Amino acid sequence: MGEDIYLVMIIALAALAITDLVVGVSNDAVNFLNSAIGSKAISFRTIMIVASIGIAMGAISSSGMMEVARKGIFNPGEFMFSEIMIIFMAVMLTDILLLDFFNTLGMPTSTTVSIVFELLGAAVAISTIKIIDAGGGFADLAGYINTEKATAIIFGILLSVVVAFTIGVFVQFVSRLLISFKFEEKPKWTGAIFGGLAITAIVYFILIKGLKSAAIFDGYISEWVNTNTLLFIISNIVFWSIVSRGITAIFKANIYRVIIVLGTFALAMAFAGNDLVNFIGVPIAALQSYQDWQGMGIPASEYTMESLNAAVQTPTLLLLLSGMIMVITLWFSTKARKVVQTSVDLSRQDEGQERFQPNYLSRQVVKFSVRTYESINGMLPMRVRDRIDRQFIQPNIYNPKNKVLDKPAFDMVRAAVNLMVASVLISIATSMKLPLSTTYVTFMVAMGTSLADRAWGADSAVYRVAGVLNVIGGWFMTALSAFVAAAIVAYLIHIGGFIGLIFLLVFAGFILIRNYISHRKQNRKAKIEDGLRRAESSSIQGVITESADNISNVAKRSNKIYTNAIDGLGRHDLDLLKKGMRQVSKLSKEIDHLRDNIFYFIKNLDEASVGASNFYLNILDYLQDMAQSLEYIGKISHKHVNNNHKKLTYSQIRELKELDVELENLLDQTREAFIHKSFEEIGGVLNRKQALFDMVSDKISRQIARTRSEESSPKNTTLYFNLLTETRDLIKALMALLELYYIEYDGNIEPAVLEDNK
């Protein structure tokens, strides 16, 4: 390779470092935002300010000893400068694409594990090339690679998952037994002691993990804490318990809110101070390697990299710039919020729309857990069981005064326990020099406390467990894919040289830009798209007018779906038919979601409007019937075209299009009536009922005549009859819905109510 390629690599690595900071923060934000956002203890703006201050302090106070990137995974003295640069380049390209992939999916993963296994994969690839060239064997690989580090990381993954989850379950269960869900009604000393324990854990975490390598303290404080650990912990518990009692008595502050603010700050600071190596460690190591080689006058392929064995301080300016990029990303990254939302959804206390679908493994885990719980529970005396159950009774399962979206996912006690337990576990692991992942710990603690809090009930357990298993599976896939991908990229750079490097850089840029554009489109579409909304009114009149918006929505979307099916058949356009199937699948899921929330709807009704339950159930029934008809029409149309069956005849297409036009007018009239709440117009729509049925019957008769005289394709005949009969069922469901509304409007809605809702 020419020497100019290394300058290009350094410039490219600088750009990749900035990009890696962005994608890295987007993924790791879940570590410190989850508890504060889920509990809604403080406003989102305050959460972001606290986290930003923590990130800034962590970045500035970091010592910048980028040991993992320099010598933690491989033995640098065994590699030449040209080989080291290929390894570093492969690692950064792989890391950015891998983390961006997980961010796009909204799945939290470990940036530590990804960088370690990327370094391992790239180093193994280059080592293997060197061994083959030298005529060596597989055993020689041990001289190049630090296998102990990789083994320790794998052990750390398993340890993080099992220990964090188990401790989270235990601590939350004990905390709930002592404090219950009615924590605000407990004696003040209860909160004071809890505050003393929690704040002590967080302060200890700040000193041991957050500032373990802070140059501003020269390590004196951390050293003293390590030497006098027991004295430090006991004195802090007493001190902070007294302070907590004073805060609640003098300032009337909620001590749990204070814990959440302090814990969020601590985790954010530790993240920036210690995980910074995952984002800029490799580029800085590459820059320092380039500076070491540049003035030596030795060819890059002959200059060995023993210099990487020495510890080098990272310039403070680079740390400051990195901290600024991290803070900016935290404020503006929508992907960061998507990753956080995954964790919050899996740990929320209330039922709701589940993101993950159950699978065989999640079902078996739930069945085993239920049997185990029943066995253990059966050993306890009835009085003990009743006492435990009383501590887990929530004050309000559903609050009709507030919308569900405004409710916190879990209460402040659980949020405080999440932060406290995560802080303790990470602190202990750090002091014992165990390779524990902060992402794994914070996520699994949150899942453990959710289980202990009975958030995973019979109605949601299989979905939540499936979600957790998917995330854990993603973690192991991170290690495997990071290793393999980095090895492949390193090999491609080795054989492709400068041209291969440019190609890979362009490819990576293309993928990142494409993912960014796709993500923006999805967000914009989600904001614009008016999905179905669950009824929240407590009266029959309110339900009628609220449901009108959903019916208008369904009419509009049904129109598009039906037209896409007919046009797709006419043109034999498979893409258009696929689009229609996606649209109707989404509509069906939204209707199912409304049905899943019928429990909360009935709970919300006032005594005088219980009759609205039947009305609302009937509405959902007819909407579901419409969706099922559209789904069947889309399915058989797609199957016909996908199997390359004979096209429908011109007469058949013309007749279907005539029906489509009539149905379009019907659905447009329906939509207009429900948009403007002009329910008296429904009567005019209903008057067209018989004419539409007659139209469908006439087309069926024509097809029967064609079949007897001229039709030669059994597939076409079957498809056409199915389309007509299913269209008739669609019209029946729509007319039944309109009749239901017209009758209810005539008897229950007063003109004044209509005017208020226009």
# chains A, B, ... in the order shown; residues from 1 in each chain; ligands from 1
>>> residues_around(residues="Tyr491 of chain A", least_positions_apart="3", cutoff="9 Å", atoms="only C-alpha atoms", output="PyMOL selection string")
chain A and resi 86+90+122+125-126+129+486-488+494-496
>>> write_last_selection(atoms="C-alpha atoms", output="CSV table (one decimal), in the first residue's frame")
chain,number,residue,atom,x,y,z
A,86,ILE,CA,-6.2,-2.3,8.7
A,90,ALA,CA,-12.1,-2.6,10.0
A,122,ALA,CA,-10.1,-8.1,12.8
A,125,ALA,CA,-8.2,-12.2,10.3
A,126,ILE,CA,-4.8,-10.3,10.0
A,129,ILE,CA,-3.0,-14.1,7.0
A,486,ALA,CA,-14.8,-7.2,11.3
A,487,ALA,CA,-12.8,-10.2,10.1
A,488,ILE,CA,-14.3,-10.0,6.6
A,494,HIS,CA,-6.0,-6.3,3.0
A,495,ILE,CA,-6.7,-7.6,-0.5
A,496,GLY,CA,-8.3,-4.5,-1.9
>>> residues_around(residues="Asn722 of chain A", least_positions_apart="6", cutoff="12 Å", atoms="only C-alpha atoms", output="list in words")
Ser629, Leu630, Tyr632, Ile633, Gly634, Lys635, Ile636, Ser637, His640, Leu656, Val696, Ile700, Gln703, Lys715, Asn716, Arg728 and Asp729 of chain A
>>> closest_residue(among="A:Gly509, A:Pro358, A:Gly570, A:Gly143", to="Asn75 of chain A", atoms="only C-alpha atoms")
A:Gly143
>>> residues_around(residues="Val641 of chain A", least_positions_apart="4", cutoff="9 Å", atoms="only C-alpha atoms", output="list in words")
Gly568, Leu569, His572, Asp573, Leu574, Leu577, Ile636, Ser637, His645, Lys646 and Lys647 of chain A
>>> write_last_selection(atoms="N, CA and C atoms", output="mmCIF file, in the first residue's frame")
data_model
loop_
_atom_site.group_PDB
_atom_site.id
_atom_site.type_symbol
_atom_site.label_atom_id
_atom_site.label_comp_id
_atom_site.auth_asym_id
_atom_site.auth_seq_id
_atom_site.Cartn_x
_atom_site.Cartn_y
_atom_site.Cartn_z
ATOM 1 N N GLY A 568 -54.373 -3.681 -8.675
ATOM 2 C CA GLY A 568 -53.276 -4.644 -8.715
ATOM 3 C C GLY A 568 -53.625 -5.860 -9.551
ATOM 4 N N LEU A 569 -54.876 -6.307 -9.437
ATOM 5 C CA LEU A 569 -55.324 -7.434 -10.263
ATOM 6 C C LEU A 569 -55.365 -7.049 -11.739
ATOM 7 N N HIS A 572 -51.859 -6.746 -12.941
ATOM 8 C CA HIS A 572 -50.973 -7.835 -12.504
ATOM 9 C C HIS A 572 -49.754 -7.249 -11.798
ATOM 10 N N ASP A 573 -50.011 -6.248 -10.933
ATOM 11 C CA ASP A 573 -48.954 -5.515 -10.227
ATOM 12 C C ASP A 573 -48.777 -6.114 -8.832
ATOM 13 N N LEU A 574 -47.755 -6.943 -8.669
ATOM 14 C CA LEU A 574 -47.538 -7.631 -7.393
ATOM 15 C C LEU A 574 -47.160 -6.658 -6.280
ATOM 16 N N LEU A 577 -50.247 -5.016 -4.870
ATOM 17 C CA LEU A 577 -50.996 -5.971 -4.054
ATOM 18 C C LEU A 577 -50.315 -6.194 -2.704
ATOM 19 N N ILE A 636 -56.326 -13.352 -1.662
ATOM 20 C CA ILE A 636 -56.587 -14.159 -2.866
ATOM 21 C C ILE A 636 -56.096 -13.445 -4.129
ATOM 22 N N SER A 637 -56.145 -12.118 -4.114
ATOM 23 C CA SER A 637 -55.642 -11.363 -5.273
ATOM 24 C C SER A 637 -54.133 -11.532 -5.403
ATOM 25 N N HIS A 645 -51.130 -16.901 -12.459
ATOM 26 C CA HIS A 645 -52.322 -17.438 -13.103
ATOM 27 C C HIS A 645 -52.771 -16.489 -14.213
ATOM 28 N N LYS A 646 -53.666 -16.986 -15.041
ATOM 29 C CA LYS A 646 -54.170 -16.228 -16.172
ATOM 30 C C LYS A 646 -54.839 -14.942 -15.700
ATOM 31 N N LYS A 647 -54.596 -13.836 -16.420
ATOM 32 C CA LYS A 647 -55.193 -12.552 -16.044
ATOM 33 C C LYS A 647 -56.708 -12.611 -16.179
#
>>> select_by_dssp(residues="segment 271-492 of chain A", states="helix (DSSP H, G or I)", output="ChimeraX atom specification")
/A:271-274,276-294,306-309,316-332,334-347,360-379,382-391,404-406,412-431,438-452,461-492
>>> atom_distance(atom1="atom CA of Glu590 of chain A", atom2="atom CA of Asp453 of chain A")
28.4 Å
>>> residues_around(residues="Met447 of chain A", least_positions_apart="4", cutoff="10 Å", atoms="only C-alpha atoms", output="mmCIF file with C-alpha atoms, in the first residue's frame")
data_model
loop_
_atom_site.group_PDB
_atom_site.id
_atom_site.type_symbol
_atom_site.label_atom_id
_atom_site.label_comp_id
_atom_site.auth_asym_id
_atom_site.auth_seq_id
_atom_site.Cartn_x
_atom_site.Cartn_y
_atom_site.Cartn_z
ATOM 1 C CA ALA A 164 -28.393 -8.531 37.423
ATOM 2 C CA PHE A 165 -31.784 -10.111 36.791
ATOM 3 C CA THR A 166 -31.710 -12.188 39.996
ATOM 4 C CA GLY A 168 -33.130 -7.004 40.614
ATOM 5 C CA VAL A 169 -35.951 -9.449 41.387
ATOM 6 C CA SER A 343 -36.816 -1.034 27.585
ATOM 7 C CA VAL A 344 -39.672 1.066 29.000
ATOM 8 C CA LEU A 346 -40.972 -4.252 28.393
ATOM 9 C CA SER A 347 -40.967 -3.047 32.008
ATOM 10 C CA ARG A 348 -44.191 -1.012 32.188
ATOM 11 C CA ASN A 418 -33.337 0.151 39.220
ATOM 12 C CA VAL A 441 -26.757 -4.737 33.925
ATOM 13 C CA THR A 442 -29.158 -1.798 33.626
ATOM 14 C CA PHE A 443 -31.461 -3.636 31.218
ATOM 15 C CA LEU A 451 -41.022 -9.365 37.271
ATOM 16 C CA ALA A 452 -40.856 -8.789 41.024
ATOM 17 C CA ASP A 453 -43.422 -5.987 40.737
ATOM 18 C CA ALA A 455 -45.794 -6.240 35.900
ATOM 19 C CA TRP A 456 -45.550 -9.424 33.853
ATOM 20 C CA ARG A 464 -42.549 -9.498 27.732
ATOM 21 C CA VAL A 465 -40.470 -12.679 28.053
ATOM 22 C CA VAL A 468 -36.371 -10.002 26.758
#
>>> residues_around(residues="segment 44-51 of chain A", least_positions_apart="6", cutoff="7 Å", atoms="only C-alpha atoms", output="MDAnalysis selection string")
chainID A and resid 36:37 264:265 268 331
>>> write_last_selection(atoms="N, CA and C atoms", output="PDB file, in the first residue's frame")
ATOM      1  N   ALA A  36     -35.676   7.195  34.661  1.00  0.00           N
ATOM      2  CA  ALA A  36     -36.250   8.538  34.787  1.00  0.00           C
ATOM      3  C   ALA A  36     -37.413   8.741  33.825  1.00  0.00           C
ATOM      4  N   ILE A  37     -37.253   8.289  32.575  1.00  0.00           N
ATOM      5  CA  ILE A  37     -38.318   8.454  31.586  1.00  0.00           C
ATOM      6  C   ILE A  37     -39.509   7.563  31.925  1.00  0.00           C
ATOM      7  N   THR A 264     -29.656   9.091  37.738  1.00  0.00           N
ATOM      8  CA  THR A 264     -29.541   9.384  36.310  1.00  0.00           C
ATOM      9  C   THR A 264     -28.239  10.115  36.012  1.00  0.00           C
ATOM     10  N   PHE A 265     -27.914  11.080  36.859  1.00  0.00           N
ATOM     11  CA  PHE A 265     -26.656  11.820  36.701  1.00  0.00           C
ATOM     12  C   PHE A 265     -25.460  10.879  36.824  1.00  0.00           C
ATOM     13  N   ALA A 268     -25.116   8.487  33.794  1.00  0.00           N
ATOM     14  CA  ALA A 268     -24.716   9.241  32.606  1.00  0.00           C
ATOM     15  C   ALA A 268     -23.237   9.612  32.681  1.00  0.00           C
ATOM     16  N   TRP A 331     -29.738  14.917  22.781  1.00  0.00           N
ATOM     17  CA  TRP A 331     -30.896  15.811  22.646  1.00  0.00           C
ATOM     18  C   TRP A 331     -31.652  15.594  21.349  1.00  0.00           C
TER      19      TRP A 331
END
>>> closest_residue(among="A:Tyr562, A:Phe117, A:Phe170, A:Tyr650", to="Met581 of chain A", atoms="only C-alpha atoms")
A:Tyr562
>>> residues_around(residues="segment 282-288 of chain A", least_positions_apart="2", cutoff="7 Å", atoms="only C-alpha atoms", output="ChimeraX atom specification")
/A:10,13-14,17,69-70,85,88,280,290-292
>>> residues_around(residues="Ala139 of chain A", least_positions_apart="5", cutoff="12 Å", atoms="only C-alpha atoms", output="list in words")
Ser127, Thr128, Ile131, Ile132, Tyr144 and Ile145 of chain A
>>> closest_residue(among="A:Gly106, A:Gly580, A:Gly473, A:Gly24", to="Ser558 of chain A", atoms="only C-alpha atoms")
A:Gly580
>>> atom_distance(atom1="atom CA of Lys521 of chain A", atom2="atom CA of Lys335 of chain A")
12.8 Å
>>> atom_distance(atom1="atom CA of Gly467 of chain A", atom2="atom CA of Gln357 of chain A")
7.7 Å
>>> closest_residue(among="A:Glu78, A:Ile513, A:Ile199, A:Gly58", to="Ile242 of chain A", atoms="only C-alpha atoms")
A:Ile199
>>> closest_residue(among="A:Leu594, A:Leu119, A:Leu317, A:Ile73", to="Thr151 of chain A", atoms="only C-alpha atoms")
A:Ile73
